[in-house]
Structures are given as C-alpha cells and as structure tokens.
>>> print(open('model-v9.pdb').read())   # PDB, C-alpha atoms
MODEL        1
ATOM      1  CA  MET Q   1     100.741 102.204 104.787  1.00  0.00           C
ATOM      2  CA  LEU Q   2     100.605 104.335 107.920  1.00  0.00           C
ATOM      3  CA  GLN Q   3      97.092 103.000 108.591  1.00  0.00           C
ATOM      4  CA  GLU Q   4      98.479  99.453 108.480  1.00  0.00           C
ATOM      5  CA  LEU Q   5     101.105 100.460 111.051  1.00  0.00           C
ATOM      6  CA  GLY Q   6      98.361 101.949 113.266  1.00  0.00           C
ATOM      7  CA  VAL Q   7      99.810 105.448 113.011  1.00  0.00           C
ATOM      8  CA  PRO Q   8      97.287 108.325 112.900  1.00  0.00           C
ATOM      9  CA  PHE Q   9      98.141 110.748 110.111  1.00  0.00           C
ATOM     10  CA  GLU Q  10      97.035 113.639 107.966  1.00  0.00           C
ATOM     11  CA  VAL Q  11      97.978 114.036 104.297  1.00  0.00           C
ATOM     12  CA  LEU Q  12      99.345 117.450 103.287  1.00  0.00           C
ATOM     13  CA  ASP Q  13     100.267 118.637  99.799  1.00  0.00           C
ATOM     14  CA  PRO Q  14     103.698 120.318  99.795  1.00  0.00           C
ATOM     15  CA  ASP Q  15     102.835 122.125  96.537  1.00  0.00           C
ATOM     16  CA  ILE Q  16     106.389 122.322  95.180  1.00  0.00           C
ATOM     17  CA  ASP Q  17     107.627 122.442  91.601  1.00  0.00           C
ATOM     18  CA  GLU Q  18     109.368 119.075  91.411  1.00  0.00           C
ATOM     19  CA  LYS Q  19     110.652 119.765  87.882  1.00  0.00           C
ATOM     20  CA  ALA Q  20     112.657 122.736  89.215  1.00  0.00           C
ATOM     21  CA  ILE Q  21     114.794 120.346  91.263  1.00  0.00           C
ATOM     22  CA  ARG Q  22     117.254 118.332  89.175  1.00  0.00           C
ATOM     23  CA  LYS Q  23     120.099 116.028  90.188  1.00  0.00           C
ATOM     24  CA  GLU Q  24     122.271 113.620  88.204  1.00  0.00           C
ATOM     25  CA  SER Q  25     121.751 110.467  90.236  1.00  0.00           C
ATOM     26  CA  PRO Q  26     118.331 109.042  91.082  1.00  0.00           C
ATOM     27  CA  GLU Q  27     119.362 108.721  94.739  1.00  0.00           C
ATOM     28  CA  ASP Q  28     120.322 112.412  94.953  1.00  0.00           C
ATOM     29  CA  LEU Q  29     117.183 113.459  93.075  1.00  0.00           C
ATOM     30  CA  VAL Q  30     114.680 111.646  95.297  1.00  0.00           C
ATOM     31  CA  MET Q  31     116.456 112.743  98.471  1.00  0.00           C
ATOM     32  CA  ALA Q  32     116.464 116.389  97.311  1.00  0.00           C
ATOM     33  CA  LEU Q  33     112.757 116.166  96.433  1.00  0.00           C
ATOM     34  CA  ALA Q  34     111.804 114.540  99.753  1.00  0.00           C
ATOM     35  CA  HIS Q  35     113.722 117.263 101.631  1.00  0.00           C
ATOM     36  CA  ALA Q  36     112.167 120.027  99.497  1.00  0.00           C
ATOM     37  CA  LYS Q  37     108.693 118.671 100.313  1.00  0.00           C
ATOM     38  CA  ALA Q  38     109.577 118.637 104.017  1.00  0.00           C
ATOM     39  CA  ASP Q  39     110.981 122.176 103.881  1.00  0.00           C
ATOM     40  CA  ALA Q  40     107.824 123.492 102.179  1.00  0.00           C
ATOM     41  CA  LEU Q  41     105.555 121.807 104.715  1.00  0.00           C
ATOM     42  CA  LEU Q  42     107.667 122.845 107.713  1.00  0.00           C
ATOM     43  CA  GLU Q  43     107.493 126.457 106.560  1.00  0.00           C
ATOM     44  CA  ARG Q  44     103.721 126.222 106.175  1.00  0.00           C
ATOM     45  CA  LEU Q  45     103.232 124.486 109.556  1.00  0.00           C
ATOM     46  CA  GLY Q  46     105.388 126.907 111.531  1.00  0.00           C
ATOM     47  CA  PRO Q  47     106.588 126.117 115.066  1.00  0.00           C
ATOM     48  CA  VAL Q  48     105.059 122.978 116.609  1.00  0.00           C
ATOM     49  CA  ASP Q  49     105.436 122.080 120.279  1.00  0.00           C
ATOM     50  CA  GLU Q  50     103.842 118.643 120.026  1.00  0.00           C
ATOM     51  CA  PRO Q  51     105.880 115.478 119.397  1.00  0.00           C
ATOM     52  CA  LEU Q  52     104.621 115.116 115.821  1.00  0.00           C
ATOM     53  CA  TYR Q  53     106.372 113.501 112.878  1.00  0.00           C
ATOM     54  CA  LEU Q  54     106.425 114.816 109.338  1.00  0.00           C
ATOM     55  CA  VAL Q  55     107.049 112.054 106.796  1.00  0.00           C
ATOM     56  CA  THR Q  56     107.876 113.026 103.228  1.00  0.00           C
ATOM     57  CA  ALA Q  57     109.015 110.861 100.375  1.00  0.00           C
ATOM     58  CA  ASP Q  58     109.719 110.774  96.698  1.00  0.00           C
ATOM     59  CA  GLN Q  59     110.508 108.060  94.206  1.00  0.00           C
ATOM     60  CA  VAL Q  60     111.545 107.547  90.639  1.00  0.00           C
ATOM     61  CA  VAL Q  61     111.880 104.511  88.454  1.00  0.00           C
ATOM     62  CA  VAL Q  62     115.224 103.744  86.871  1.00  0.00           C
ATOM     63  CA  TYR Q  63     115.030 101.796  83.632  1.00  0.00           C
ATOM     64  CA  ASN Q  64     118.193 100.995  81.651  1.00  0.00           C
ATOM     65  CA  ASP Q  65     120.084 103.607  83.719  1.00  0.00           C
ATOM     66  CA  THR Q  66     117.546 106.327  82.851  1.00  0.00           C
ATOM     67  CA  ILE Q  67     115.462 108.144  85.467  1.00  0.00           C
ATOM     68  CA  ARG Q  68     111.739 107.917  84.779  1.00  0.00           C
ATOM     69  CA  GLU Q  69     109.388 110.254  86.554  1.00  0.00           C
ATOM     70  CA  LYS Q  70     105.640 110.527  85.911  1.00  0.00           C
ATOM     71  CA  PRO Q  71     104.804 110.032  82.216  1.00  0.00           C
ATOM     72  CA  THR Q  72     103.522 113.217  80.592  1.00  0.00           C
ATOM     73  CA  SER Q  73     101.855 111.797  77.480  1.00  0.00           C
ATOM     74  CA  GLU Q  74     100.124 108.662  76.268  1.00  0.00           C
ATOM     75  CA  ALA Q  75     103.098 107.820  74.056  1.00  0.00           C
ATOM     76  CA  GLU Q  76     105.510 108.145  76.968  1.00  0.00           C
ATOM     77  CA  ALA Q  77     103.261 106.071  79.259  1.00  0.00           C
ATOM     78  CA  ARG Q  78     103.008 103.372  76.592  1.00  0.00           C
ATOM     79  CA  GLU Q  79     106.791 103.374  76.079  1.00  0.00           C
ATOM     80  CA  PHE Q  80     107.421 103.146  79.823  1.00  0.00           C
ATOM     81  CA  ILE Q  81     104.972 100.316  80.510  1.00  0.00           C
ATOM     82  CA  SER Q  82     105.840  98.217  77.474  1.00  0.00           C
ATOM     83  CA  GLY Q  83     109.544  98.565  78.255  1.00  0.00           C
ATOM     84  CA  TYR Q  84     109.140  96.841  81.611  1.00  0.00           C
ATOM     85  CA  SER Q  85     108.639  93.578  79.732  1.00  0.00           C
ATOM     86  CA  LYS Q  86     112.165  93.890  78.316  1.00  0.00           C
ATOM     87  CA  ALA Q  87     114.290  95.011  81.287  1.00  0.00           C
ATOM     88  CA  PRO Q  88     113.848  95.340  85.060  1.00  0.00           C
ATOM     89  CA  ALA Q  89     112.540  98.482  86.684  1.00  0.00           C
ATOM     90  CA  LYS Q  90     114.343  99.753  89.754  1.00  0.00           C
ATOM     91  CA  ARG Q  91     112.320 101.878  92.151  1.00  0.00           C
ATOM     92  CA  VAL Q  92     114.534 104.385  93.960  1.00  0.00           C
ATOM     93  CA  GLY Q  93     112.856 106.133  96.861  1.00  0.00           C
ATOM     94  CA  ALA Q  94     113.822 108.502  99.627  1.00  0.00           C
ATOM     95  CA  ILE Q  95     111.991 108.831 102.916  1.00  0.00           C
ATOM     96  CA  VAL Q  96     112.553 111.759 105.273  1.00  0.00           C
ATOM     97  CA  VAL Q  97     111.122 111.910 108.794  1.00  0.00           C
ATOM     98  CA  ASN Q  98     111.206 115.199 110.691  1.00  0.00           C
ATOM     99  CA  HIS Q  99     110.457 115.057 114.404  1.00  0.00           C
ATOM    100  CA  LEU Q 100     108.659 118.356 114.933  1.00  0.00           C
ATOM    101  CA  GLY Q 101     109.255 118.322 118.694  1.00  0.00           C
ATOM    102  CA  THR Q 102     113.044 117.995 118.509  1.00  0.00           C
ATOM    103  CA  GLY Q 103     113.670 119.463 115.058  1.00  0.00           C
ATOM    104  CA  LYS Q 104     115.777 116.421 114.164  1.00  0.00           C
ATOM    105  CA  THR Q 105     115.669 114.867 110.695  1.00  0.00           C
ATOM    106  CA  TYR Q 106     116.040 111.185 109.789  1.00  0.00           C
ATOM    107  CA  GLN Q 107     116.407 109.935 106.241  1.00  0.00           C
ATOM    108  CA  SER Q 108     116.933 106.789 104.238  1.00  0.00           C
ATOM    109  CA  LEU Q 109     116.960 105.530 100.697  1.00  0.00           C
ATOM    110  CA  ASP Q 110     114.700 102.638  99.769  1.00  0.00           C
ATOM    111  CA  ILE Q 111     115.636 100.697  96.622  1.00  0.00           C
ATOM    112  CA  ALA Q 112     113.911  97.700  95.089  1.00  0.00           C
ATOM    113  CA  GLU Q 113     113.701  96.094  91.659  1.00  0.00           C
ATOM    114  CA  VAL Q 114     110.937  94.306  89.779  1.00  0.00           C
ATOM    115  CA  ARG Q 115     110.943  92.148  86.667  1.00  0.00           C
ATOM    116  CA  PHE Q 116     107.878  91.451  84.554  1.00  0.00           C
ATOM    117  CA  GLN Q 117     106.653  88.850  82.124  1.00  0.00           C
ATOM    118  CA  PRO Q 118     105.506  90.367  78.806  1.00  0.00           C
ATOM    119  CA  ILE Q 119     102.829  93.005  79.425  1.00  0.00           C
ATOM    120  CA  PRO Q 120     100.044  92.588  76.830  1.00  0.00           C
ATOM    121  CA  GLU Q 121      98.974  95.604  74.746  1.00  0.00           C
ATOM    122  CA  ASN Q 122      95.390  95.354  76.013  1.00  0.00           C
ATOM    123  CA  VAL Q 123      96.643  95.697  79.610  1.00  0.00           C
ATOM    124  CA  ILE Q 124      98.686  98.756  78.613  1.00  0.00           C
ATOM    125  CA  ASP Q 125      95.600 100.229  76.898  1.00  0.00           C
ATOM    126  CA  ILE Q 126      93.497  99.742  80.042  1.00  0.00           C
ATOM    127  CA  LEU Q 127      96.157 101.259  82.319  1.00  0.00           C
ATOM    128  CA  ILE Q 128      96.476 104.315  80.094  1.00  0.00           C
ATOM    129  CA  LYS Q 129      92.701 104.725  79.793  1.00  0.00           C
ATOM    130  CA  GLU Q 130      92.294 104.560  83.581  1.00  0.00           C
ATOM    131  CA  GLY Q 131      94.818 107.433  83.827  1.00  0.00           C
ATOM    132  CA  THR Q 132      96.486 106.589  87.144  1.00  0.00           C
ATOM    133  CA  VAL Q 133      99.783 105.827  85.369  1.00  0.00           C
ATOM    134  CA  TYR Q 134     100.229 109.590  84.843  1.00  0.00           C
ATOM    135  CA  LYS Q 135     100.362 110.145  88.615  1.00  0.00           C
ATOM    136  CA  ILE Q 136     102.997 107.498  89.386  1.00  0.00           C
ATOM    137  CA  ALA Q 137     106.753 107.562  88.848  1.00  0.00           C
ATOM    138  CA  GLY Q 138     107.591 105.643  85.691  1.00  0.00           C
ATOM    139  CA  GLY Q 139     103.903 104.797  85.220  1.00  0.00           C
ATOM    140  CA  LEU Q 140     104.785 101.686  87.221  1.00  0.00           C
ATOM    141  CA  MET Q 141     101.596 100.290  88.782  1.00  0.00           C
ATOM    142  CA  VAL Q 142     102.769  96.917  90.034  1.00  0.00           C
ATOM    143  CA  GLU Q 143      99.835  96.643  92.478  1.00  0.00           C
ATOM    144  CA  HIS Q 144      97.184  96.899  89.729  1.00  0.00           C
ATOM    145  CA  GLU Q 145      95.089  93.707  89.444  1.00  0.00           C
ATOM    146  CA  LEU Q 146      96.056  93.311  85.765  1.00  0.00           C
ATOM    147  CA  VAL Q 147      99.761  93.938  86.372  1.00  0.00           C
ATOM    148  CA  LEU Q 148     100.414  92.027  89.601  1.00  0.00           C
ATOM    149  CA  PRO Q 149     100.049  88.578  87.947  1.00  0.00           C
ATOM    150  CA  LEU Q 150     102.722  89.647  85.425  1.00  0.00           C
ATOM    151  CA  VAL Q 151     105.381  90.220  88.109  1.00  0.00           C
ATOM    152  CA  SER Q 152     108.044  87.542  87.759  1.00  0.00           C
ATOM    153  CA  GLU Q 153     110.615  88.653  90.377  1.00  0.00           C
ATOM    154  CA  VAL Q 154     110.921  91.264  93.109  1.00  0.00           C
ATOM    155  CA  TYR Q 155     114.223  92.196  94.738  1.00  0.00           C
ATOM    156  CA  GLY Q 156     113.393  94.114  97.901  1.00  0.00           C
ATOM    157  CA  THR Q 157     109.869  94.502  99.230  1.00  0.00           C
ATOM    158  CA  MET Q 158     106.627  94.955  97.338  1.00  0.00           C
ATOM    159  CA  ASP Q 159     105.800  98.112  99.324  1.00  0.00           C
ATOM    160  CA  SER Q 160     109.142  99.568  98.233  1.00  0.00           C
ATOM    161  CA  ILE Q 161     108.170  98.848  94.627  1.00  0.00           C
ATOM    162  CA  ILE Q 162     104.739 100.399  95.175  1.00  0.00           C
ATOM    163  CA  GLY Q 163     106.382 103.499  96.564  1.00  0.00           C
ATOM    164  CA  LEU Q 164     106.903 103.549 100.326  1.00  0.00           C
ATOM    165  CA  GLY Q 165     108.735 100.798 102.163  1.00  0.00           C
ATOM    166  CA  LYS Q 166     106.974 100.158 105.485  1.00  0.00           C
ATOM    167  CA  HIS Q 167     110.138  98.745 107.008  1.00  0.00           C
ATOM    168  CA  VAL Q 168     112.049 101.951 106.217  1.00  0.00           C
ATOM    169  CA  VAL Q 169     109.328 104.277 107.553  1.00  0.00           C
ATOM    170  CA  ALA Q 170     109.006 102.162 110.706  1.00  0.00           C
ATOM    171  CA  LYS Q 171     112.798 102.171 111.236  1.00  0.00           C
ATOM    172  CA  LEU Q 172     112.969 105.971 110.889  1.00  0.00           C
ATOM    173  CA  LEU Q 173     109.962 106.567 113.173  1.00  0.00           C
ATOM    174  CA  LEU Q 174     111.413 104.227 115.815  1.00  0.00           C
ATOM    175  CA  GLU Q 175     114.774 105.982 115.596  1.00  0.00           C
ATOM    176  CA  ALA Q 176     113.083 109.370 116.066  1.00  0.00           C
ATOM    177  CA  ALA Q 177     110.969 108.093 118.982  1.00  0.00           C
ATOM    178  CA  SER Q 178     114.034 106.545 120.618  1.00  0.00           C
ATOM    179  CA  ASP Q 179     115.966 109.814 120.361  1.00  0.00           C
ATOM    180  CA  MET Q 180     112.994 111.665 121.874  1.00  0.00           C
ATOM    181  CA  GLN Q 181     112.845 109.185 124.763  1.00  0.00           C
ATOM    182  CA  GLU Q 182     116.588 109.570 125.403  1.00  0.00           C
ATOM    183  CA  MET Q 183     116.204 113.361 125.444  1.00  0.00           C
ATOM    184  CA  GLN Q 184     113.349 113.154 127.971  1.00  0.00           C
ATOM    185  CA  GLU Q 185     115.341 110.806 130.219  1.00  0.00           C
ATOM    186  CA  SER Q 186     118.412 113.039 130.312  1.00  0.00           C
TER     187      SER Q 186
ENDMDL
END
>>> encode(input="model-v9.pdb", output="structure tokens")
Amino acid sequence: MLQELGVPFEVLDPDIDEKAIRKESPEDLVMALAHAKADALLERLGPVDEPLYLVTADQVVVYNDTIREKPTSEAEAREFISGYSKAPAKRVGAIVVNHLGTGKTYQSLDIAEVRFQPIPENVIDILIKEGTVYKIAGGLMVEHELVLPLVSEVYGTMDSIIGLGKHVVAKLLLEAASDMQEMQES
C-alpha cells in the first residue's frame, strides 16, 4: 500500500505479545495493539532527528458481535471462513502514525464490512492448505483469487477490508506533514 502511494518504507517487526493485550471492544483492542506496536518500535529505534514516520496498525474481524483474531487451528479456520457465507464480516482496524521528528502521534479507526455469497468447501480446503489464513485476522482473505469472486457487497473500501485503508493512512500522513510544516514556518 505504501508502495502504491510512492512512500519509501522499511518493514519492522514490533515483536510484541498481542495476546497479552485484551480489551472489551474491537475498537479499543485494535487501537491498544497499534499503540503497543508503536511503543515497542519507538523504544527499539531510540531518538531520531530525521522527519520520519512510524506507521503501525492492527485489525480484527467482528462476526456476529464476536472478535475474531488469527485462527489457531484448522477447525477454527474452517469455522471462521464458512461462517462468512452466513453473516457479514466487519473489519475493524486502527492505524497509528508517529512523526519521529516532532514526537506527535496521529490515530484513526478504519471500519469496513463485507458480505459473501456461499463459500464452497473446496475453496475453504484450498485456503486452509495454503496456510495464509492463519496469519490474517479472522482468516479473512477477501483478496484471494478464489474468494474475491464470492464477494457480494462491500461497505467501506476494499483496502480497509484487506487490512489497511490507504485513504486513512494518507490522511494521517498528510496531517502529520502539515503539522511539521506549520512548526517550521513558526
């Protein structure tokens, strides 16, 4: 996504225990996780004098008012994926941008919903065998070539469903850049 926006970037692993952070609401959970990732990376990076941005995010899927994180077993992955044929999946994400030059933090929630046609068992079998579903919140791989044709409705943007809304990241980066420009002019 950052490549598409023409933004040079480096991927860093925050190496946090996400299961140690629990919140009642999906919105509070993803925001706490995105901030915890930022805190871990900021500590590792130390002081930075350059006008760099640290972007962290987290997302969960909400299905029938239940938070779904990454499936931990084949049975859970199968239950998650097959369920999306019966009720919509809401992707709840949080994006946090830290401007390392100013120390200011910008944050936003990003929420979208997707509805599917029936997902055939053979598609579920293939997704599970490929294994990527275990690395994605709710096992929800809407962008997969076998799943995408089964999407019947999207409320929000497809990149928000996939996991990181470009419009939200761009808005936060522009806000941070604008604040930096105002600081330099004053």
>>> resolve_selection(input="model-v9.pdb", expression="the PyMOL selection byres ((chain Q and resi 137-153) around 6)", output="list in words")
Val60, Val61, Arg68, Glu69, Lys70, Val114, Arg115, Phe116, Gln117, Val133, Ile136 and Val154 of chain Q
>>> resolve_selection(input="model-v9.pdb", expression="the PyMOL selection byres ((chain Q and resi 163) around 9)", output="JSON, numbers by chain")
{"Q": [57, 58, 59, 60, 91, 92, 93, 110, 136, 137, 158, 159, 160, 161, 162, 164, 165]}
>>> axis_aligned_box(input="model-v9.pdb", around="region 169-181 of chain Q", padding_each_side="6 Å", output="JSON")
{"center_x": 112.5, "center_y": 106.9, "center_z": 116.2, "size_x": 19.0, "size_y": 21.5, "size_z": 29.2}
>>> resolve_selection(input="model-v9.pdb", expression="the PyMOL selection byres ((chain Q and resi 4-19) around 6)", output="CSV table (one decimal) with C-alpha atoms, in the frame of the given file")
chain,number,residue,atom,x,y,z
Q,1,MET,CA,100.7,102.2,104.8
Q,2,LEU,CA,100.6,104.3,107.9
Q,3,GLN,CA,97.1,103.0,108.6
Q,20,ALA,CA,112.7,122.7,89.2
Q,21,ILE,CA,114.8,120.3,91.3
Q,37,LYS,CA,108.7,118.7,100.3
Q,40,ALA,CA,107.8,123.5,102.2
Q,41,LEU,CA,105.6,121.8,104.7
>>> residues_near_point(input="model-v9.pdb", point="(110.7, 97.6, 83.8)", cutoff="7 Å", atoms="all atoms listed in the file", output="PyMOL selection string")
chain Q and resi 63+83-89+114-116
>>> closest_residue(input="model-v9.pdb", among="Q:Thr132, Q:Gln184, Q:Ser178, Q:Thr102", to="Leu52 (chain Q)", atoms="all atoms listed in the file")
Q:Thr102
>>> atom_distance(input="model-v9.pdb", atom1="CA of Val169 (chain Q)", atom2="CA of Ser25 (chain Q)")
22.2 Å
>>> closest_residue(input="model-v9.pdb", among="Q:Ile124, Q:Leu33, Q:Asp49, Q:Glu130", to="Glu76 (chain Q)", atoms="all atoms listed in the file")
Q:Ile124
>>> residues_near_point(input="model-v9.pdb", point="(108.5, 110.4, 112.1)", cutoff="9 Å", atoms="all atoms listed in the file", output="list in words")
Leu52, Tyr53, Leu54, Val55, Val96, Val97, Asn98, His99, Leu100, Thr105, Tyr106, Val169, Ala170, Leu172, Leu173, Leu174, Glu175, Ala176 and Ala177 of chain Q
>>> closest_residue(input="model-v9.pdb", among="Q:Glu185, Q:Asp125, Q:Glu24, Q:Glu50", to="Asp65 (chain Q)", atoms="only C-alpha atoms")
Q:Glu24
>>> atom_distance(input="model-v9.pdb", atom1="CA of Ala75 (chain Q)", atom2="CA of Ile128 (chain Q)")
9.6 Å
>>> closest_residue(input="model-v9.pdb", among="Q:Ala94, Q:Ile81, Q:Met183, Q:Val168", to="Glu121 (chain Q)", atoms="only C-alpha atoms")
Q:Ile81
>>> atom_distance(input="model-v9.pdb", atom1="CA of Lys135 (chain Q)", atom2="CA of Pro71 (chain Q)")
7.8 Å
>>> closest_residue(input="model-v9.pdb", among="Q:Thr157, Q:Ser108, Q:Asn64, Q:Ser73", to="Lys171 (chain Q)", atoms="all atoms listed in the file")
Q:Ser108
